Structure formats: C-alpha cells, structure tokens
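Shown below: model.cif, with mmCIF, C-alpha atoms.
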```
data_coords
#
loop_
_atom_site.label_atom_id
_atom_site.label_comp_id
_atom_site.auth_asym_id
_atom_site.auth_seq_id
_atom_site.Cartn_x
_atom_site.Cartn_y
_atom_site.Cartn_z
CA MET A 1 21.24 77.06 -45.34
CA LYS A 2 19.64 76.80 -48.75
CA ALA A 3 17.98 79.88 -50.19
CA PHE A 4 14.27 79.86 -49.30
CA SER A 5 13.36 79.84 -52.99
CA LYS A 6 15.43 76.67 -53.47
CA LEU A 7 13.57 74.70 -50.81
CA PRO A 8 11.03 72.03 -51.86
CA GLU A 9 7.68 73.53 -52.84
CA GLU A 10 5.89 72.27 -49.73
CA PHE A 11 8.39 74.18 -47.56
CA GLN A 12 7.71 77.50 -49.25
CA ASN A 13 4.89 78.82 -47.11
CA GLU A 14 4.64 81.74 -44.70
CA LYS A 15 4.57 79.57 -41.57
CA VAL A 16 7.86 77.87 -42.47
CA ARG A 17 9.34 81.23 -43.48
CA VAL A 18 9.13 82.42 -39.85
CA TYR A 19 11.37 79.56 -38.67
CA TYR A 20 13.65 79.89 -41.70
CA ASP A 21 14.36 83.55 -40.95
CA ILE A 22 15.24 82.68 -37.34
CA LEU A 23 17.58 79.81 -38.30
CA SER A 24 19.25 81.79 -41.09
CA LYS A 25 20.69 84.03 -38.38
CA LYS A 26 22.23 81.06 -36.56
CA THR A 27 24.68 79.83 -39.20
CA GLY A 28 27.52 79.68 -36.67
CA SER A 29 25.49 77.51 -34.29
CA LEU A 30 24.52 75.18 -37.14
CA ILE A 31 28.18 74.74 -38.13
CA LEU A 32 29.18 74.17 -34.49
CA LYS A 33 26.35 71.65 -34.20
CA ARG A 34 27.78 69.59 -37.06
CA VAL A 35 31.34 69.76 -35.72
CA THR A 36 30.12 68.67 -32.29
CA ASP A 37 28.10 65.82 -33.81
CA VAL A 38 31.18 64.42 -35.53
CA LEU A 39 33.54 64.80 -32.57
CA ILE A 40 31.16 63.32 -29.98
CA SER A 41 30.13 60.51 -32.32
CA LEU A 42 33.75 59.50 -32.90
CA VAL A 43 34.39 59.45 -29.14
CA LEU A 44 31.21 57.44 -28.52
CA LEU A 45 32.08 55.01 -31.30
CA PHE A 46 35.45 54.34 -29.68
CA PHE A 47 33.72 53.26 -26.46
CA LEU A 48 30.67 51.64 -28.02
CA ILE A 49 32.14 49.62 -30.88
CA ILE A 50 32.65 46.51 -28.69
CA PRO A 51 29.10 46.66 -27.19
CA ILE A 52 27.72 47.18 -30.71
CA ILE A 53 29.56 44.06 -31.93
CA ILE A 54 28.32 42.03 -28.94
CA LEU A 55 24.72 43.18 -29.41
CA SER A 56 24.96 42.35 -33.12
CA VAL A 57 25.80 38.76 -32.25
CA VAL A 58 22.98 38.58 -29.66
CA VAL A 59 20.40 39.90 -32.14
CA LYS A 60 21.55 37.43 -34.79
CA LEU A 61 21.33 34.47 -32.42
CA ASP A 62 17.95 35.50 -31.00
CA SER A 63 15.86 35.30 -34.16
CA LYS A 64 16.05 34.85 -37.92
CA GLY A 65 16.76 37.93 -39.97
CA PRO A 66 19.36 40.66 -40.42
CA VAL A 67 21.14 42.27 -37.47
CA PHE A 68 20.17 45.79 -38.46
CA PHE A 69 16.79 47.28 -39.26
CA LYS A 70 16.83 49.83 -42.06
CA GLN A 71 13.87 52.04 -42.82
CA GLU A 72 13.42 55.07 -45.05
CA ARG A 73 13.00 58.25 -43.03
CA VAL A 74 12.98 61.96 -43.90
CA THR A 75 15.57 64.52 -42.78
CA THR A 76 16.79 67.99 -43.78
CA TYR A 77 14.89 69.64 -46.68
CA GLY A 78 12.89 66.46 -47.21
CA LYS A 79 15.90 64.28 -48.03
CA ARG A 80 15.21 60.57 -47.64
CA PHE A 81 17.73 58.26 -45.97
CA LYS A 82 17.90 54.83 -44.35
CA ILE A 83 17.82 55.02 -40.56
CA LEU A 84 19.86 52.30 -38.88
CA LYS A 85 18.78 50.42 -35.76
CA PHE A 86 19.29 47.02 -34.23
CA ARG A 87 16.46 44.80 -35.42
CA THR A 88 14.01 44.34 -32.56
CA MET A 89 11.13 42.85 -34.52
CA VAL A 90 10.48 39.82 -36.69
CA THR A 91 11.50 39.99 -40.34
CA ASP A 92 9.10 41.98 -42.58
CA ALA A 93 7.37 43.43 -39.51
CA GLU A 94 6.21 46.46 -41.52
CA LYS A 95 4.09 44.19 -43.69
CA LEU A 96 2.43 42.70 -40.61
CA GLY A 97 1.28 45.88 -38.88
CA ALA A 98 1.57 49.63 -38.34
CA PHE A 99 4.69 51.76 -38.82
CA VAL A 100 4.59 52.66 -35.13
CA THR A 101 5.09 50.06 -32.40
CA THR A 102 2.65 49.50 -29.55
CA CYS A 103 3.47 48.32 -26.03
CA ASP A 104 1.98 44.85 -26.57
CA ASP A 105 3.20 44.47 -30.16
CA ASN A 106 3.67 40.76 -30.83
CA ARG A 107 6.12 41.55 -33.63
CA VAL A 108 8.82 42.48 -31.10
CA THR A 109 11.37 39.73 -30.40
CA GLY A 110 12.54 38.60 -26.96
CA VAL A 111 15.86 40.44 -27.16
CA GLY A 112 14.09 43.30 -28.92
CA LYS A 113 12.03 44.09 -25.82
CA THR A 114 15.19 44.59 -23.75
CA LEU A 115 16.90 46.64 -26.46
CA ARG A 116 13.87 48.93 -26.72
CA LYS A 117 13.50 49.28 -22.96
CA TYR A 118 17.03 50.65 -22.56
CA ARG A 119 17.15 52.36 -25.99
CA PHE A 120 20.06 50.14 -27.05
CA ASP A 121 18.39 49.61 -30.43
CA GLU A 122 19.25 53.24 -31.23
CA LEU A 123 23.03 52.80 -30.91
CA PRO A 124 23.70 52.13 -34.64
CA GLN A 125 22.29 55.58 -35.44
CA ILE A 126 25.70 56.92 -34.52
CA PHE A 127 26.64 55.95 -38.11
CA ASN A 128 23.70 58.03 -39.41
CA VAL A 129 25.12 60.99 -37.48
CA LEU A 130 28.61 60.50 -38.88
CA SER A 131 27.20 60.30 -42.42
CA GLY A 132 25.48 63.66 -41.93
CA ASN A 133 21.90 62.41 -42.29
CA MET A 134 21.18 62.85 -38.59
CA SER A 135 22.32 64.89 -35.62
CA LEU A 136 22.67 63.90 -31.99
CA VAL A 137 19.86 66.35 -31.16
CA GLY A 138 16.95 67.17 -33.42
CA THR A 139 13.40 66.23 -34.35
CA ARG A 140 13.03 62.47 -34.62
CA PRO A 141 12.82 61.49 -38.32
CA GLU A 142 9.44 60.24 -39.51
CA VAL A 143 8.62 57.79 -42.30
CA SER A 144 7.75 59.42 -45.63
CA GLU A 145 4.13 58.25 -45.37
CA TYR A 146 3.71 60.45 -42.28
CA VAL A 147 5.61 63.41 -43.72
CA GLU A 148 3.34 63.43 -46.77
CA ARG A 149 0.47 64.23 -44.38
CA TYR A 150 2.27 67.06 -42.57
CA LYS A 151 0.53 70.36 -41.97
CA PRO A 152 2.34 73.31 -43.65
CA GLU A 153 4.03 74.47 -40.43
CA TYR A 154 5.44 71.02 -39.64
CA TYR A 155 7.90 71.26 -42.54
CA ALA A 156 9.82 73.84 -40.50
CA THR A 157 11.15 70.95 -38.40
CA LEU A 158 12.95 69.70 -41.52
CA LEU A 159 15.05 72.83 -41.88
CA ILE A 160 17.70 71.23 -39.66
CA PRO A 161 18.88 67.60 -39.44
CA ALA A 162 16.72 64.98 -37.77
CA GLY A 163 18.09 63.81 -34.43
CA ILE A 164 18.54 60.82 -32.15
CA THR A 165 17.02 62.69 -29.22
CA SER A 166 14.85 65.75 -28.74
CA PRO A 167 12.53 67.36 -26.17
CA ALA A 168 9.57 65.65 -27.87
CA SER A 169 11.17 62.20 -27.78
CA LEU A 170 11.96 62.65 -24.08
CA MET A 171 8.40 63.74 -23.31
CA TYR A 172 6.97 60.83 -25.28
CA LYS A 173 9.47 58.15 -24.32
CA ASP A 174 6.52 55.93 -23.32
CA GLU A 175 4.75 56.47 -26.63
CA GLN A 176 4.23 52.72 -27.09
CA LYS A 177 1.97 52.61 -24.03
CA LEU A 178 -0.22 55.37 -25.48
CA LEU A 179 -0.76 53.25 -28.58
CA GLU A 180 -1.48 50.08 -26.65
CA SER A 181 -4.63 48.21 -27.78
CA GLN A 182 -5.41 50.79 -30.48
CA GLU A 183 -7.05 49.23 -33.53
CA ASN A 184 -5.43 51.69 -35.92
CA ALA A 185 -2.16 52.79 -34.32
CA ASP A 186 -1.05 54.76 -37.39
CA GLU A 187 -4.14 57.00 -37.37
CA VAL A 188 -3.99 57.52 -33.61
CA TYR A 189 -0.34 58.52 -33.93
CA LEU A 190 -1.00 60.92 -36.82
CA ASN A 191 -4.12 62.54 -35.39
CA THR A 192 -3.38 62.57 -31.67
CA ILE A 193 0.28 62.02 -30.75
CA LEU A 194 2.10 63.67 -33.67
CA PRO A 195 0.35 67.08 -33.27
CA GLU A 196 1.38 67.16 -29.60
CA LYS A 197 4.96 66.15 -30.40
CA MET A 198 5.10 68.82 -33.09
CA LYS A 199 4.48 71.52 -30.49
CA TYR A 200 7.78 70.54 -28.87
CA ASN A 201 9.51 70.02 -32.23
CA LEU A 202 8.53 73.47 -33.49
CA GLN A 203 9.54 75.09 -30.22
CA TYR A 204 12.93 73.35 -30.43
CA THR A 205 13.38 74.57 -34.02
CA LYS A 206 12.52 78.15 -33.08
CA GLU A 207 14.75 78.17 -29.99
CA PHE A 208 17.58 76.11 -31.48
CA GLY A 209 21.00 76.84 -30.06
CA PHE A 210 24.24 75.04 -29.24
CA ARG A 211 23.79 75.38 -25.47
CA SER A 212 20.25 74.05 -25.57
CA ASP A 213 21.46 71.02 -27.57
CA ILE A 214 24.05 70.25 -24.89
CA LYS A 215 21.37 70.46 -22.18
CA ILE A 216 19.14 68.05 -24.11
CA MET A 217 22.05 65.61 -24.46
CA PHE A 218 22.66 65.60 -20.70
CA LYS A 219 18.94 65.23 -19.96
CA THR A 220 18.79 62.26 -22.36
CA VAL A 221 21.70 60.53 -20.63
CA LYS A 222 20.07 61.19 -17.25
CA ASP A 223 16.71 59.76 -18.39
CA VAL A 224 18.31 56.66 -19.91
CA LEU A 225 20.33 56.00 -16.73
#
```
Output the file's structure in the form of structure tokens.
Amino acid sequence: MKAFSKLPEEFQNEKVRVYYDILSKKTGSLILKRVTDVLISLVLLFFLIIPIIILSVVVKLDSKGPVFFKQERVTTYGKRFKILKFRTMVTDAEKLGAFVTTCDDNRVTGVGKTLRKYRFDELPQIFNVLSGNMSLVGTRPEVSEYVERYKPEYYATLLIPAGITSPASLMYKDEQKLLESQENADEVYLNTILPEKMKYNLQYTKEFGFRSDIKIMFKTVKDVL
C-alpha cells in the first residue's frame, strides 16, 4: 500500500486512517487477492469468450451505437478509469438523464433489459479486472461526480480496488426499483441509497480478507443463478 502521507489529500483524515491501519497489516491478503483475480479471470475468459462474442453481435444488431459502454469511474486511491460494460441503453444516454438507471428508464434498449436482468452486461468487466483497475470483489466503482461528494470516511473504500461484486451490490441488486418514478434519481441515490450502501462497503473494507472474498463470490453466483 502507499504511505498514508502519499495518499490524495482528501484521503488523509482520521476516519480513513483507521481503515488504512487495518489494511496495512493485510499485505499478504491483498497480494493473494490480485493473484486470485488474474487466475480466475483467465479461467472465466476461456469459458466466456464465445458468449461475449455472441452478445456483442446481439447488442450491435439490436440498436444503433457501439457494442460496449465506457464510463469514467473511480478506483484505488482515486484513480480514474473507464469501466467496460455491454451497452444496454441508447447512445448518449448520460446526456438524456441521470447517471443511475431506474426500473422504468426509457433509455434502456430491448436487449438491454434482458442483459441487466441477468447481469450479463457486466461480463466485459473481466477485462477491467485483468488490467488491474478492478477486482472480482470490492466496492462498486462510482462516477467521479458522486465521489466528489463523498463524506470523509467514504474515501476508505478506495484504499483497495473497486469490484464487480460486493455485499452492498448484493443487498441492493434491485436498486433500480428503489429509484423508480423519482424525479431526481441522482439526488435520491446520493442522499438515501449511497449512505446505506456505504455501511456495507465500509464494513467490507474493515473486515477484508481472502476467505470473505471467496464467500462473496459464491454468494454472487448463487444469487445470479
């Protein structure tokens, strides 16, 4: 891990320091986490490359626009990267509405609804894991506009890589329904949903361990199935 004094200024507060001190004693688990990410991702890619190619064709034929959706998100130590997903919405959807997606969002395409329902739109993130910007398990990466409004303690969740799945994402897998019919989905997310998700995110960060990551992976597979 980086020295605490080398972290971005917004990270250098006493609340983040508590989590930093805990994680600094788990260097071995952090290294094992990265090794596991790479090995499992390579195995998954071997089995998923054909489905990914097929879904790419389906997305392209369904509506105009690129196959993949790329959006700037924030990961370890505030680093910005482009998250990769199958495009499930119309082109330039971000200019037509909120950053979050609601259950009745008319920006979602026909194929996009099915991809979102079964979480297939997340499959391309395996490349984000291989590149080192994400992990299989970790706090879901937020857009920079949300991170800029974080409370001091929330930055602790950025001490380890963002993830594809986490306890918070499993608890709030029906997040879109909670935002349904909200006039300002972004504000509802920031003021109501995000604080609740952060309770789970901070708990995960404090209790991080290799075994707990494996349990979360299995629970994710079970929930998806």
| message | Measuring between all atoms listed in the file, which one of A:Gly163, A:Pro152, A:Pro141, A:Pro8 shows the shortest distance to A:Lys82? | response |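 Smallest distance to A:Lys82 is found for A:Pro141.
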| request: Between atom CA of A:Ile52 and atom CA of A:Asn128, measure the distance and give it in Å to one decimal. | output: 14.5 Å
| Atom-to-atom span, atom CA of A:Gly65 and atom CA of A:Tyr118, Å |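 Atom-to-atom, atom CA of A:Gly65 and atom CA of A:Tyr118 are spaced 21.6 Å apart.
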| request: Spell out the residues picked by the PyMOL selection byres ((chain A and resi 125) around 10) here, as a list in words. | output: Ser41, Lys82, Ile83, Leu84, Lys85, Phe86, Asp121, Glu122, Leu123, Pro124, Ile126, Phe127, Asn128, Val129, Leu130, Ser131, Asn133, Met134, Ser135, Leu136, Gly163 and Ile164 of chain A
Box for stretch 189-198 of chain A: with edges along x, y and z, all listed atoms inside and 6 Å added on each side, what are the centre and edge lengths in Å to one decimal, as lines of an AutoDock Vina configuration file?
```
center_x = 0.5
center_y = 63.7
center_z = -33.2
size_x = 21.2
size_y = 22.3
size_z = 19.2
```
| said: Please list, as an MDAnalysis selection string, the residues that have an atom at most 12 Å away from (17.9, 62.7, -18.5) in the coordinates of this file, counting only C-alpha atoms. | reply: chainID A and resid 165:167 169:171 173 214:225
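The residues returned by the PyMOL selection byres ((chain A and resi 193) around 12) on the shown structure are Val100, Ala168, Ser169, Met171, Tyr172, Lys173, Asp174, Glu175, Gln176, Lys177, Leu178, Leu179, Ala185, Asp186, Glu187, Val188, Tyr189, Leu190, Asn191, Thr192, Leu194, Pro195, Glu196, Lys197, Met198, Lys199 and Tyr200 of chain A.
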Serialized selection, C-alpha atoms, as a CSV table (one decimal), in the coordinates of the input:
```
chain,number,residue,atom,x,y,z
A,100,VAL,CA,4.6,52.7,-35.1
A,168,ALA,CA,9.6,65.6,-27.9
A,169,SER,CA,11.2,62.2,-27.8
A,171,MET,CA,8.4,63.7,-23.3
A,172,TYR,CA,7.0,60.8,-25.3
A,173,LYS,CA,9.5,58.2,-24.3
A,174,ASP,CA,6.5,55.9,-23.3
A,175,GLU,CA,4.8,56.5,-26.6
A,176,GLN,CA,4.2,52.7,-27.1
A,177,LYS,CA,2.0,52.6,-24.0
A,178,LEU,CA,-0.2,55.4,-25.5
A,179,LEU,CA,-0.8,53.2,-28.6
A,185,ALA,CA,-2.2,52.8,-34.3
A,186,ASP,CA,-1.0,54.8,-37.4
A,187,GLU,CA,-4.1,57.0,-37.4
A,188,VAL,CA,-4.0,57.5,-33.6
A,189,TYR,CA,-0.3,58.5,-33.9
A,190,LEU,CA,-1.0,60.9,-36.8
A,191,ASN,CA,-4.1,62.5,-35.4
A,192,THR,CA,-3.4,62.6,-31.7
A,194,LEU,CA,2.1,63.7,-33.7
A,195,PRO,CA,0.4,67.1,-33.3
A,196,GLU,CA,1.4,67.2,-29.6
A,197,LYS,CA,5.0,66.2,-30.4
A,198,MET,CA,5.1,68.8,-33.1
A,199,LYS,CA,4.5,71.5,-30.5
A,200,TYR,CA,7.8,70.5,-28.9
```
| Between A:Val59, A:Val43, A:Ile160, A:Val18, which one has atoms that come closest to A:Leu115, using only C-alpha atoms? | A:Val59
| said: What's around A:Val111 at 8 Å? Count all atoms listed in the file, leave out sequence neighbours fewer than 5 positions away in its own chain, and write the answer as a list in words. | reply: Val58, Val59, Asp62 and Thr88 of chain A
Write the selection just made, keeping C-alpha atoms, as a PDB file, in the coordinates of the input?
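Produced file out.pdb, reproduced below:
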```
ATOM      1  CA  VAL A  58      22.980  38.580 -29.660  1.00  0.00           C
ATOM      2  CA  VAL A  59      20.400  39.900 -32.140  1.00  0.00           C
ATOM      3  CA  ASP A  62      17.950  35.500 -31.000  1.00  0.00           C
ATOM      4  CA  THR A  88      14.010  44.340 -32.560  1.00  0.00           C
TER       5      THR A  88
END
```
| How far is it from atom CA of A:Tyr150 to atom CA of A:Tyr20, in Å with one decimal? |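 Taking atom CA of A:Tyr150 and atom CA of A:Tyr20, their separation equals 17.2 Å.
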Decode the PyMOL selection byres ((chain A and resi 147) around 12) for the given file into explicit residues and return them as a PDB file with C-alpha atoms, in the coordinates of the input.
```pdb
ATOM      1  CA  GLU A  10       5.890  72.270 -49.730  1.00  0.00           C
ATOM      2  CA  PHE A  11       8.390  74.180 -47.560  1.00  0.00           C
ATOM      3  CA  GLU A  72      13.420  55.070 -45.050  1.00  0.00           C
ATOM      4  CA  ARG A  73      13.000  58.250 -43.030  1.00  0.00           C
ATOM      5  CA  VAL A  74      12.980  61.960 -43.900  1.00  0.00           C
ATOM      6  CA  THR A  75      15.570  64.520 -42.780  1.00  0.00           C
ATOM      7  CA  TYR A  77      14.890  69.640 -46.680  1.00  0.00           C
ATOM      8  CA  GLY A  78      12.890  66.460 -47.210  1.00  0.00           C
ATOM      9  CA  LYS A  79      15.900  64.280 -48.030  1.00  0.00           C
ATOM     10  CA  ARG A  80      15.210  60.570 -47.640  1.00  0.00           C
ATOM     11  CA  ARG A 140      13.030  62.470 -34.620  1.00  0.00           C
ATOM     12  CA  PRO A 141      12.820  61.490 -38.320  1.00  0.00           C
ATOM     13  CA  GLU A 142       9.440  60.240 -39.510  1.00  0.00           C
ATOM     14  CA  VAL A 143       8.620  57.790 -42.300  1.00  0.00           C
ATOM     15  CA  SER A 144       7.750  59.420 -45.630  1.00  0.00           C
ATOM     16  CA  GLU A 145       4.130  58.250 -45.370  1.00  0.00           C
ATOM     17  CA  TYR A 146       3.710  60.450 -42.280  1.00  0.00           C
ATOM     18  CA  GLU A 148       3.340  63.430 -46.770  1.00  0.00           C
ATOM     19  CA  ARG A 149       0.470  64.230 -44.380  1.00  0.00           C
ATOM     20  CA  TYR A 150       2.270  67.060 -42.570  1.00  0.00           C
ATOM     21  CA  LYS A 151       0.530  70.360 -41.970  1.00  0.00           C
ATOM     22  CA  PRO A 152       2.340  73.310 -43.650  1.00  0.00           C
ATOM     23  CA  GLU A 153       4.030  74.470 -40.430  1.00  0.00           C
ATOM     24  CA  TYR A 154       5.440  71.020 -39.640  1.00  0.00           C
ATOM     25  CA  TYR A 155       7.900  71.260 -42.540  1.00  0.00           C
ATOM     26  CA  ALA A 156       9.820  73.840 -40.500  1.00  0.00           C
ATOM     27  CA  THR A 157      11.150  70.950 -38.400  1.00  0.00           C
ATOM     28  CA  LEU A 158      12.950  69.700 -41.520  1.00  0.00           C
ATOM     29  CA  LEU A 190      -1.000  60.920 -36.820  1.00  0.00           C
ATOM     30  CA  LEU A 194       2.100  63.670 -33.670  1.00  0.00           C
ATOM     31  CA  MET A 198       5.100  68.820 -33.090  1.00  0.00           C
TER      32      MET A 198
END
```
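Distance annotation: of A:Pro51, A:Glu207, A:Asn184, A:Leu159, the residue with the minimal separation from A:Arg17 is A:Leu159; atom set is only C-alpha atoms.
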| request: Would you please work out which residue, of A:Phe120, A:Tyr19, A:Phe99, A:Phe4, is nearest to A:Ile54 when using only C-alpha atoms? | output: A:Phe120
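For the choices A:Met89, A:Lys206, A:Phe47, A:Ile22, the atom-to-atom distance to A:Val67 is smallest for A:Met89 when using all atoms listed in the file.
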| task | Determine the nearest neighbour of A:Gly209 from the options A:Leu61, A:Gly138, A:Glu14, A:Leu45, counting all atoms listed in the file. | result | A:Gly138
